[in-house]
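Participant: File target_36.txt follows (compact mmCIF, C-alpha atoms):
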```txt
# COMPACT_ATOMS: atom_id res chain seq x y z
CA MET A 50 1.39 5.42 -11.32
CA SER A 51 -0.89 7.24 -13.62
CA ALA A 52 0.09 10.70 -12.52
CA SER A 53 -0.32 12.13 -15.98
CA ASP A 54 -4.07 11.76 -16.05
CA ASN A 55 -4.68 14.53 -13.59
CA ASP A 56 -2.32 17.46 -13.67
CA THR A 57 -3.89 19.24 -10.75
CA VAL A 58 -2.72 16.65 -8.26
CA ALA A 59 0.96 16.83 -9.09
CA THR A 60 1.68 19.07 -6.14
CA SER A 61 3.06 18.76 -2.68
CA GLU A 62 -0.28 18.14 -1.00
CA ALA A 63 0.15 14.48 -1.76
CA THR A 64 2.72 14.26 0.99
CA SER A 65 0.58 15.74 3.74
CA ASP A 66 -1.21 12.74 5.19
CA ALA A 67 1.14 9.80 5.03
CA LEU A 68 -1.38 7.00 4.98
CA LEU A 69 -1.00 3.53 3.66
CA THR A 70 -0.74 3.96 -0.06
CA PRO A 71 -2.53 1.34 -2.11
CA ALA A 72 -0.02 -0.97 -3.70
CA GLY A 73 0.07 -1.62 -7.40
CA GLY A 74 -2.02 1.37 -8.36
CA SER A 75 -5.25 -0.35 -7.48
CA GLY A 76 -7.69 2.23 -6.25
CA ASP A 77 -7.35 4.78 -9.00
CA PRO A 78 -8.64 3.48 -12.30
CA ALA A 79 -7.78 6.02 -14.96
CA LEU A 80 -11.17 7.40 -15.76
CA PRO A 81 -11.69 8.99 -19.13
CA ASP A 82 -12.04 12.73 -18.95
CA ALA A 83 -15.33 14.29 -19.82
CA ASP A 84 -14.26 16.64 -22.55
CA PRO A 85 -17.28 18.28 -24.08
CA ALA A 86 -15.16 19.66 -26.92
CA SER A 87 -14.48 16.26 -28.40
CA SER A 88 -17.10 14.28 -30.19
CA ASP A 89 -16.43 11.14 -28.21
CA ALA A 90 -17.06 12.92 -24.94
CA VAL A 91 -19.99 10.77 -23.97
CA VAL A 92 -18.58 7.59 -22.59
CA GLU A 93 -21.07 4.84 -21.98
CA PRO A 94 -21.82 4.87 -18.27
CA VAL A 95 -20.43 1.86 -16.47
CA ASP A 96 -21.45 0.55 -13.08
CA VAL A 97 -24.87 2.04 -13.46
CA GLU A 98 -26.90 1.14 -10.41
CA ASP A 99 -29.59 3.55 -11.40
CA GLU A 100 -32.97 2.10 -12.02
CA SER A 101 -33.84 4.79 -14.52
CA ASP A 102 -33.29 4.12 -18.18
CA ASP A 103 -31.39 7.15 -19.37
CA ASP A 104 -32.00 6.78 -23.06
CA ALA A 105 -33.56 10.23 -23.02
CA GLU A 106 -30.41 11.91 -21.78
CA ASP A 107 -27.92 11.80 -24.55
CA GLY A 108 -25.06 14.04 -25.55
CA ALA A 109 -22.69 16.08 -23.40
CA ASP A 110 -25.45 18.03 -21.70
CA GLY A 111 -27.18 14.79 -20.81
CA LEU A 112 -24.06 13.68 -19.01
CA LEU A 113 -23.91 16.93 -17.04
CA VAL A 114 -27.58 16.62 -16.12
CA ARG A 115 -26.93 13.07 -14.98
CA GLU A 116 -23.95 14.29 -12.92
CA GLY A 117 -26.22 16.78 -11.20
CA ASP A 118 -28.82 14.11 -10.48
CA VAL A 119 -26.31 11.75 -8.89
CA ALA A 120 -24.73 14.59 -6.90
CA GLY A 121 -28.14 15.80 -5.77
CA ASP A 122 -29.12 12.36 -4.49
CA TYR A 123 -25.80 11.92 -2.71
CA LEU A 124 -26.05 15.27 -0.93
CA GLU A 125 -29.76 15.10 -0.23
CA ARG A 126 -29.34 11.81 1.60
CA LEU A 127 -26.47 13.31 3.62
CA LEU A 128 -28.66 16.25 4.66
CA ASP A 129 -31.40 13.80 5.65
CA ILE A 130 -29.06 11.77 7.84
CA LEU A 131 -27.62 14.88 9.48
CA ASP A 132 -31.11 16.32 9.92
CA VAL A 133 -30.04 19.52 8.20
CA ASP A 134 -32.61 21.57 6.32
CA GLY A 135 -31.54 22.52 2.85
CA ASP A 136 -32.66 22.48 -0.74
CA ILE A 137 -30.56 21.40 -3.65
CA ASP A 138 -30.41 23.45 -6.84
CA LEU A 139 -29.07 21.79 -9.95
CA ASP A 140 -27.80 23.67 -12.96
CA VAL A 141 -25.33 23.45 -15.82
CA GLU A 142 -22.85 26.31 -16.06
CA GLY A 143 -20.76 26.26 -19.19
CA ASP A 144 -19.21 22.81 -19.39
CA ARG A 145 -19.77 21.88 -15.76
CA ALA A 146 -22.58 20.63 -13.63
CA SER A 147 -23.36 23.07 -10.85
CA VAL A 148 -24.87 21.94 -7.57
CA ALA A 149 -25.91 24.31 -4.80
CA VAL A 150 -27.17 23.51 -1.33
CA VAL A 151 -29.24 26.45 -0.10
CA GLY A 152 -31.12 27.49 3.02
CA GLY A 153 -31.00 26.27 6.59
CA GLN A 154 -28.09 26.20 8.96
CA LEU A 155 -25.29 25.17 6.66
CA LYS A 156 -22.23 26.55 8.49
CA THR A 157 -21.02 23.11 9.60
CA LEU A 158 -21.05 21.96 6.00
CA ILE A 159 -18.99 24.94 4.85
CA GLY A 160 -16.32 24.82 7.52
CA PRO A 161 -13.43 27.19 8.20
CA ASP A 162 -12.56 29.02 4.96
CA GLY A 163 -14.78 26.58 3.10
CA ALA A 164 -12.62 23.57 3.97
CA THR A 165 -15.59 21.27 4.55
CA LEU A 166 -17.25 22.53 1.38
CA GLU A 167 -14.09 21.67 -0.61
CA ALA A 168 -14.03 18.20 0.97
CA LEU A 169 -17.70 17.63 0.17
CA GLN A 170 -17.14 18.73 -3.41
CA GLU A 171 -14.29 16.24 -3.70
CA LEU A 172 -16.43 13.39 -2.33
CA THR A 173 -19.40 14.36 -4.47
CA ARG A 174 -17.22 14.32 -7.60
CA LEU A 175 -16.00 10.84 -6.65
CA ALA A 176 -19.56 9.63 -6.09
CA VAL A 177 -20.55 11.00 -9.49
CA ALA A 178 -17.55 9.35 -11.17
CA GLN A 179 -18.40 6.10 -9.42
CA SER A 180 -21.87 6.20 -10.91
CA THR A 181 -21.17 7.56 -14.42
CA GLY A 182 -17.69 6.14 -15.03
CA VAL A 183 -16.50 9.58 -16.10
CA ARG A 184 -14.42 11.96 -14.04
CA SER A 185 -16.53 14.88 -12.87
CA ARG A 186 -15.62 18.56 -12.61
CA LEU A 187 -18.85 19.61 -10.99
CA MET A 188 -18.90 22.70 -8.83
CA LEU A 189 -20.54 22.55 -5.44
CA ASP A 190 -21.68 25.58 -3.50
CA ILE A 191 -23.18 25.56 -0.02
CA GLY A 192 -25.07 28.43 1.56
CA GLY A 193 -23.83 30.83 -1.12
CA PHE A 194 -20.25 30.59 0.15
CA ARG A 195 -18.64 30.35 -3.30
CA ALA A 196 -20.94 32.95 -4.78
CA LYS A 197 -19.88 35.45 -2.11
CA ARG A 198 -16.23 34.47 -2.41
CA ARG A 199 -16.44 34.89 -6.17
CA ALA A 200 -17.87 38.40 -5.80
CA ASP A 201 -15.20 39.40 -3.26
CA LEU A 202 -12.38 38.02 -5.38
CA THR A 203 -13.71 39.69 -8.50
CA SER A 204 -13.50 43.13 -6.93
CA LEU A 205 -10.11 42.32 -5.37
CA ALA A 206 -8.77 41.20 -8.75
CA SER A 207 -10.19 44.21 -10.58
CA ALA A 208 -8.55 46.56 -8.11
CA ALA A 209 -5.20 44.78 -8.45
CA ALA A 210 -5.49 44.90 -12.25
CA GLU A 211 -6.02 48.67 -12.16
CA ARG A 212 -3.06 49.23 -9.83
CA VAL A 213 -0.72 47.07 -11.89
CA ALA A 214 -1.82 48.58 -15.21
CA GLU A 215 -1.10 52.03 -13.80
CA SER A 216 2.13 51.38 -11.92
CA GLY A 217 3.60 48.68 -14.15
CA ALA A 218 4.78 46.87 -11.02
CA PRO A 219 3.77 43.19 -10.58
CA GLU A 220 1.60 42.31 -7.61
CA ARG A 221 1.52 39.03 -5.70
CA LEU A 222 -1.86 38.13 -4.26
CA SER A 223 -2.48 36.01 -1.15
CA PRO A 224 -2.36 32.21 -1.45
CA MET A 225 -5.61 30.83 -2.85
CA ASN A 226 -7.17 27.50 -3.65
CA PRO A 227 -7.71 26.43 -7.29
CA PHE A 228 -11.28 27.74 -7.41
CA GLU A 229 -10.21 31.13 -6.11
CA ARG A 230 -7.26 31.39 -8.49
CA LYS A 231 -9.50 30.57 -11.43
CA VAL A 232 -11.86 33.40 -10.50
CA VAL A 233 -8.91 35.82 -10.36
CA HIS A 234 -7.34 34.58 -13.62
CA ASP A 235 -10.70 34.98 -15.36
CA VAL A 236 -10.98 38.60 -14.20
CA ILE A 237 -7.39 39.45 -15.18
CA ALA A 238 -7.84 37.80 -18.60
CA VAL A 239 -10.41 40.41 -19.63
CA ALA A 240 -8.78 43.38 -17.86
CA ALA A 241 -6.77 45.83 -19.97
CA GLY A 242 -2.97 46.03 -19.75
CA VAL A 243 -2.40 43.09 -17.42
CA ARG A 244 -1.87 39.36 -17.45
CA SER A 245 -1.59 36.78 -14.68
CA GLU A 246 0.42 33.74 -13.67
CA SER A 247 0.41 31.35 -10.73
CA GLU A 248 3.47 30.60 -8.67
CA GLY A 249 4.41 28.47 -5.68
CA GLU A 250 3.09 25.15 -4.48
CA GLU A 251 -0.19 24.24 -2.81
CA PRO A 252 -1.34 25.31 -0.33
CA ASN A 253 0.68 28.47 -0.85
CA ARG A 254 0.11 28.77 -4.57
CA ARG A 255 -0.78 32.35 -5.49
CA VAL A 256 -1.65 34.51 -8.45
CA VAL A 257 0.79 37.14 -9.66
CA VAL A 258 -0.65 40.04 -11.64
CA LEU A 259 1.84 41.38 -14.20
CA PRO A 260 1.79 44.27 -16.65
CA ASP A 261 1.23 43.27 -20.29
CA ARG A 262 4.14 43.53 -22.64
CA MET B 8 -26.13 9.63 13.03
CA LEU B 9 -22.39 10.08 12.58
CA GLU B 10 -21.87 6.43 11.61
CA GLU B 11 -24.75 6.60 9.19
CA ALA B 12 -23.43 9.79 7.60
CA LEU B 13 -19.96 8.37 7.08
CA GLU B 14 -21.35 5.08 5.86
CA HIS B 15 -23.40 6.94 3.25
CA LEU B 16 -20.45 9.05 2.11
CA VAL B 17 -18.25 5.97 1.70
CA LYS B 18 -20.89 3.75 0.08
CA GLY B 19 -21.27 6.28 -2.71
CA ILE B 20 -17.63 6.12 -3.77
CA VAL B 21 -16.82 2.38 -3.71
CA ASP B 22 -17.43 -0.61 -5.97
CA ASN B 23 -18.77 -2.77 -3.13
CA PRO B 24 -21.15 -0.61 -1.08
CA ASP B 25 -22.66 -3.63 0.69
CA ASP B 26 -19.29 -4.34 2.27
CA VAL B 27 -19.01 -0.94 3.94
CA VAL B 28 -19.17 -1.09 7.73
CA VAL B 29 -18.73 1.87 10.07
CA ASP B 30 -18.44 1.53 13.84
CA LEU B 31 -18.35 4.31 16.40
CA VAL B 32 -15.85 3.43 19.10
CA ASN B 33 -15.73 5.35 22.35
CA GLY B 34 -12.17 5.28 23.52
CA ARG B 35 -10.21 7.01 26.21
CA ARG B 36 -9.05 9.58 23.71
CA GLY B 37 -12.50 10.31 22.40
CA LYS B 38 -14.69 9.02 19.63
CA THR B 39 -13.36 7.18 16.62
CA LEU B 40 -15.28 6.18 13.53
CA GLU B 41 -13.79 2.96 12.19
CA VAL B 42 -14.41 2.33 8.52
CA ARG B 43 -14.11 -1.12 6.97
CA VAL B 44 -14.46 -1.66 3.24
CA HIS B 45 -13.88 -4.45 0.74
CA PRO B 46 -10.10 -4.87 0.31
CA ASP B 47 -10.42 -3.90 -3.36
CA ASP B 48 -11.95 -0.57 -2.31
CA LEU B 49 -9.25 0.42 0.16
CA GLY B 50 -7.49 2.52 -2.46
CA LYS B 51 -10.70 4.34 -3.32
CA VAL B 52 -11.39 5.29 0.29
CA ILE B 53 -7.83 6.45 0.91
CA GLY B 54 -7.30 8.12 -2.43
CA ARG B 55 -4.17 9.42 -4.03
CA GLY B 56 -1.81 10.55 -1.30
CA GLY B 57 -4.56 10.13 1.26
CA ARG B 58 -6.69 12.77 -0.40
CA THR B 59 -10.03 11.00 -0.07
CA ALA B 60 -9.47 9.92 3.54
CA LYS B 61 -8.57 13.51 4.29
CA ALA B 62 -11.81 14.74 2.72
CA LEU B 63 -13.83 12.19 4.73
CA ARG B 64 -12.09 13.35 7.93
CA GLN B 65 -12.71 16.99 7.13
CA VAL B 66 -16.43 16.45 6.61
CA MET B 67 -16.85 14.25 9.68
CA THR B 68 -14.98 16.55 12.04
CA GLY B 69 -16.94 19.46 10.59
CA VAL B 70 -20.15 17.66 11.49
CA GLY B 71 -19.11 15.78 14.63
CA GLY B 72 -16.57 18.09 16.20
CA ARG B 73 -12.81 18.37 16.23
CA GLY B 74 -12.24 15.48 18.61
CA LEU B 75 -13.80 12.95 16.27
CA ARG B 76 -11.34 10.61 14.61
CA VAL B 77 -11.81 8.62 11.41
CA ASP B 78 -9.81 5.45 10.91
CA VAL B 79 -9.77 3.47 7.70
CA VAL B 80 -9.13 -0.06 8.92
CA ASP B 81 -7.01 -2.29 6.71
CA THR B 82 -8.91 -5.58 6.67
CA ASP B 83 -6.64 -7.17 4.11
CA GLY B 84 -4.87 -9.37 6.63
CA ARG B 85 -7.92 -11.04 8.13
```
Please rewrite the model in this file as structure tokens.
Facilitator:
Amino acid sequence: MSASDNDTVATSEATSDALLTPAGGSGDPALPDADPASSDAVVEPVDVEDESDDDAEDGADGLLVREGDVAGDYLERLLDILDVDGDIDLDVEGDRASVAVVGGQLKTLIGPDGATLEALQELTRLAVAQSTGVRSRLMLDIGGFRAKRRADLTSLASAAAERVAESGAPERLSPMNPFERKVVHDVIAVAAGVRSESEGEEPNRRVVVLPDR
Amino acid sequence: MLEEALEHLVKGIVDNPDDVVVDLVNGRRGKTLEVRVHPDDLGKVIGRGGRTAKALRQVMTGVGGRGLRVDVVDTDGR
């Protein structure tokens, strides 16, 4: 198995749904990673079923724009089928494509604690990879759910950072998903006198805020 | 609508979208969406450790209600 090509999956969640596992490592072709830092980041798209000639979109940004386009089409069609009103905003944030579904009644697409949103992001990334031939790290937001979560976590993390810097006692935060932990780590990274680590296994993996030394 | 939604979600992630078939079956224990794909795409629809099938289930129960089941049918033996 090619477990090494994606370090985020090497956790216990793989054991949750015991389904028939594809034999002989079929279904998971090791896709090249889109690494904008390296000069060979732009892999020639394979399996392109797009009618558009994308000569105009070259370079790493072109790939991210293309990711957004594919993701937008995939989600827009889903909204159509479900008869859900919603607009799709495409953007590039840092080294990732960012896709947001806004407006309308979007609760069913967010789900409890964003579970359906996470699932849709996963599927959208797969659809993008299917079309571009490159693994996608795009971020999906629906109805501002992530934006709000990010704001809440930012203030939670700042408060924890202040307490730990003052008391010198480590603090364990509640279990969070990878997106949430990243938000917290990013806040702690720029806060004075503290650092952060993650501990435990999904879905109980959590951030620990520690005093600097 | 549910079949069409699932069919669209699956078609976007496989090598052989024309071979994707989704049927809605009304059974005694409620509704089941049966998904059939090209044998070569079975791994893609199930995903590592069942991850992709789980995501498809999550979205479809979110849209169609908790009682809705999603079965990926292994057509290899036919």
Participant: Determine, counting only C-alpha atoms, which protein, DNA and RNA residues have an atom within 6 Å of an atom of segment 30-47 of chain B; residues of the same chain fewer than 2 positions away are not included. Present the result as a list in words.
Facilitator: Asp26, Val27, Val28, Leu49, Leu75, Arg76, Val77, Asp78, Val79, Val80 and Asp83 of chain B
Participant: With the cut-off set at 8 Å and counting all atoms listed in the file, tabulate each residue of chain B with an atom at most that distance from an atom of chain A, showing the nearest atom pair and its distance in Å to one decimal, ordered by chain and increasing number, as JSON lines.
Facilitator:
```
{"residue": "B:Met8", "atom": "CA", "partner": "A:Ile130", "partner_atom": "CA", "distance": 6.3}
{"residue": "B:Leu9", "atom": "CA", "partner": "A:Leu131", "partner_atom": "CA", "distance": 7.7}
{"residue": "B:Glu11", "atom": "CA", "partner": "A:Ile130", "partner_atom": "CA", "distance": 6.9}
{"residue": "B:Ala12", "atom": "CA", "partner": "A:Ile130", "partner_atom": "CA", "distance": 6.0}
{"residue": "B:His15", "atom": "CA", "partner": "A:Leu127", "partner_atom": "CA", "distance": 7.1}
{"residue": "B:Leu16", "atom": "CA", "partner": "A:Leu172", "partner_atom": "CA", "distance": 7.4}
{"residue": "B:Gly19", "atom": "CA", "partner": "A:Ala176", "partner_atom": "CA", "distance": 5.1}
{"residue": "B:Ile20", "atom": "CA", "partner": "A:Ala176", "partner_atom": "CA", "distance": 4.6}
{"residue": "B:Val21", "atom": "CA", "partner": "A:Gln179", "partner_atom": "CA", "distance": 7.0}
{"residue": "B:Asp22", "atom": "CA", "partner": "A:Gln179", "partner_atom": "CA", "distance": 7.6}
{"residue": "B:Asp47", "atom": "CA", "partner": "A:Gly76", "partner_atom": "CA", "distance": 7.3}
{"residue": "B:Asp48", "atom": "CA", "partner": "A:Gly76", "partner_atom": "CA", "distance": 6.4}
{"residue": "B:Leu49", "atom": "CA", "partner": "A:Gly76", "partner_atom": "CA", "distance": 6.8}
{"residue": "B:Gly50", "atom": "CA", "partner": "A:Gly76", "partner_atom": "CA", "distance": 3.8}
{"residue": "B:Lys51", "atom": "CA", "partner": "A:Gly76", "partner_atom": "CA", "distance": 4.7}
{"residue": "B:Ile53", "atom": "CA", "partner": "A:Thr70", "partner_atom": "CA", "distance": 7.6}
{"residue": "B:Gly54", "atom": "CA", "partner": "A:Gly76", "partner_atom": "CA", "distance": 7.0}
{"residue": "B:Arg55", "atom": "CA", "partner": "A:Ala63", "partner_atom": "CA", "distance": 7.0}
{"residue": "B:Gly56", "atom": "CA", "partner": "A:Ala63", "partner_atom": "CA", "distance": 4.4}
{"residue": "B:Gly57", "atom": "CA", "partner": "A:Asp66", "partner_atom": "CA", "distance": 5.8}
{"residue": "B:Arg58", "atom": "CA", "partner": "A:Ala63", "partner_atom": "CA", "distance": 7.2}
{"residue": "B:Thr59", "atom": "CA", "partner": "A:Leu172", "partner_atom": "CA", "distance": 7.2}
{"residue": "B:Lys61", "atom": "CA", "partner": "A:Asp66", "partner_atom": "CA", "distance": 7.5}
{"residue": "B:Ala62", "atom": "CA", "partner": "A:Ala168", "partner_atom": "CA", "distance": 4.5}
{"residue": "B:Leu63", "atom": "CA", "partner": "A:Ala168", "partner_atom": "CA", "distance": 7.1}
{"residue": "B:Gln65", "atom": "CA", "partner": "A:Thr165", "partner_atom": "CA", "distance": 5.8}
{"residue": "B:Val66", "atom": "CA", "partner": "A:Thr165", "partner_atom": "CA", "distance": 5.3}
{"residue": "B:Gly69", "atom": "CA", "partner": "A:Thr157", "partner_atom": "CA", "distance": 5.6}
{"residue": "B:Val70", "atom": "CA", "partner": "A:Thr157", "partner_atom": "CA", "distance": 5.8}
```
Participant: Kindly give the distance, in Å, that separates atom CA of Ala200 of chain A and atom CA of Val256 of chain A, rounded to a single decimal.
Facilitator: 16.9 Å
Participant: Separation of atom CA of Ala206 of chain A and atom CA of Leu187 of chain A, in Å?
Facilitator: 23.9 Å
Participant: So how many Å separate atom CA of Arg254 of chain A and atom CA of Pro224 of chain A, to one decimal?
Facilitator: 5.3 Å
Participant: Compile the contact shell of segment 136-147 of chain A as a short mmCIF file (atom, residue, chain, number, x, y, z; two decimals) with C-alpha atoms, keeping the file's coordinate frame: residues with an atom at most 10 Å away, counting all atoms listed in the file, same-chain residues fewer than 2 positions apart removed.
Facilitator:
```
data_model
loop_
_atom_site.label_atom_id
_atom_site.label_comp_id
_atom_site.auth_asym_id
_atom_site.auth_seq_id
_atom_site.Cartn_x
_atom_site.Cartn_y
_atom_site.Cartn_z
CA ALA A 83 -15.33 14.29 -19.82
CA ASP A 84 -14.26 16.64 -22.55
CA PRO A 85 -17.28 18.28 -24.08
CA ALA A 86 -15.16 19.66 -26.92
CA ALA A 109 -22.69 16.08 -23.40
CA ASP A 110 -25.45 18.03 -21.70
CA LEU A 112 -24.06 13.68 -19.01
CA LEU A 113 -23.91 16.93 -17.04
CA VAL A 114 -27.58 16.62 -16.12
CA ARG A 115 -26.93 13.07 -14.98
CA GLU A 116 -23.95 14.29 -12.92
CA GLY A 117 -26.22 16.78 -11.20
CA ASP A 118 -28.82 14.11 -10.48
CA ALA A 120 -24.73 14.59 -6.90
CA GLY A 121 -28.14 15.80 -5.77
CA ASP A 122 -29.12 12.36 -4.49
CA LEU A 124 -26.05 15.27 -0.93
CA GLU A 125 -29.76 15.10 -0.23
CA LEU A 128 -28.66 16.25 4.66
CA VAL A 133 -30.04 19.52 8.20
CA ASP A 134 -32.61 21.57 6.32
CA ALA A 149 -25.91 24.31 -4.80
CA VAL A 150 -27.17 23.51 -1.33
CA VAL A 151 -29.24 26.45 -0.10
CA GLY A 152 -31.12 27.49 3.02
CA GLY A 153 -31.00 26.27 6.59
CA SER A 185 -16.53 14.88 -12.87
CA ARG A 186 -15.62 18.56 -12.61
CA LEU A 187 -18.85 19.61 -10.99
CA MET A 188 -18.90 22.70 -8.83
CA LEU A 189 -20.54 22.55 -5.44
CA ASP A 190 -21.68 25.58 -3.50
CA ILE A 191 -23.18 25.56 -0.02
CA GLY A 192 -25.07 28.43 1.56
#
```
Participant: Determine the nearest neighbour of Ser207 of chain A from the options A:Val183, A:Val236, A:Ala241, A:Leu259, counting only C-alpha atoms.
Facilitator: A:Val236
Participant: Pull the neighbourhood of (-7.2, 34.0, -14.5) for me: all residues within 9 Å in file coordinates, counting all atoms listed in the file, as a list in words.
Facilitator: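 Every polymer residue passing the test: Arg230, Lys231, Val232, Val233, His234, Asp235, Val236, Ile237, Ala238, Val239, Arg244, Ser245, Glu246, Ser247 and Val256 of chain A.
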Participant: With C-alpha atoms kept, could you save the residues just selected as an mmCIF file, keeping the file's coordinate frame?
Facilitator:
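Okay, this is what ended up in selection18.cif:
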```cif
data_model
loop_
_atom_site.group_PDB
_atom_site.id
_atom_site.type_symbol
_atom_site.label_atom_id
_atom_site.label_comp_id
_atom_site.auth_asym_id
_atom_site.auth_seq_id
_atom_site.Cartn_x
_atom_site.Cartn_y
_atom_site.Cartn_z
ATOM 1 C CA ARG A 230 -7.260 31.390 -8.490
ATOM 2 C CA LYS A 231 -9.500 30.570 -11.430
ATOM 3 C CA VAL A 232 -11.860 33.400 -10.500
ATOM 4 C CA VAL A 233 -8.910 35.820 -10.360
ATOM 5 C CA HIS A 234 -7.340 34.580 -13.620
ATOM 6 C CA ASP A 235 -10.700 34.980 -15.360
ATOM 7 C CA VAL A 236 -10.980 38.600 -14.200
ATOM 8 C CA ILE A 237 -7.390 39.450 -15.180
ATOM 9 C CA ALA A 238 -7.840 37.800 -18.600
ATOM 10 C CA VAL A 239 -10.410 40.410 -19.630
ATOM 11 C CA ARG A 244 -1.870 39.360 -17.450
ATOM 12 C CA SER A 245 -1.590 36.780 -14.680
ATOM 13 C CA GLU A 246 0.420 33.740 -13.670
ATOM 14 C CA SER A 247 0.410 31.350 -10.730
ATOM 15 C CA VAL A 256 -1.650 34.510 -8.450
#
```
Participant: Mind listing as JSON, numbers by chain all residues within 7 Å of (4.3, 43.8, -11.0), counting all atoms listed in the file?
Facilitator: {"A": [213, 217, 218, 219, 220, 258, 259, 260]}
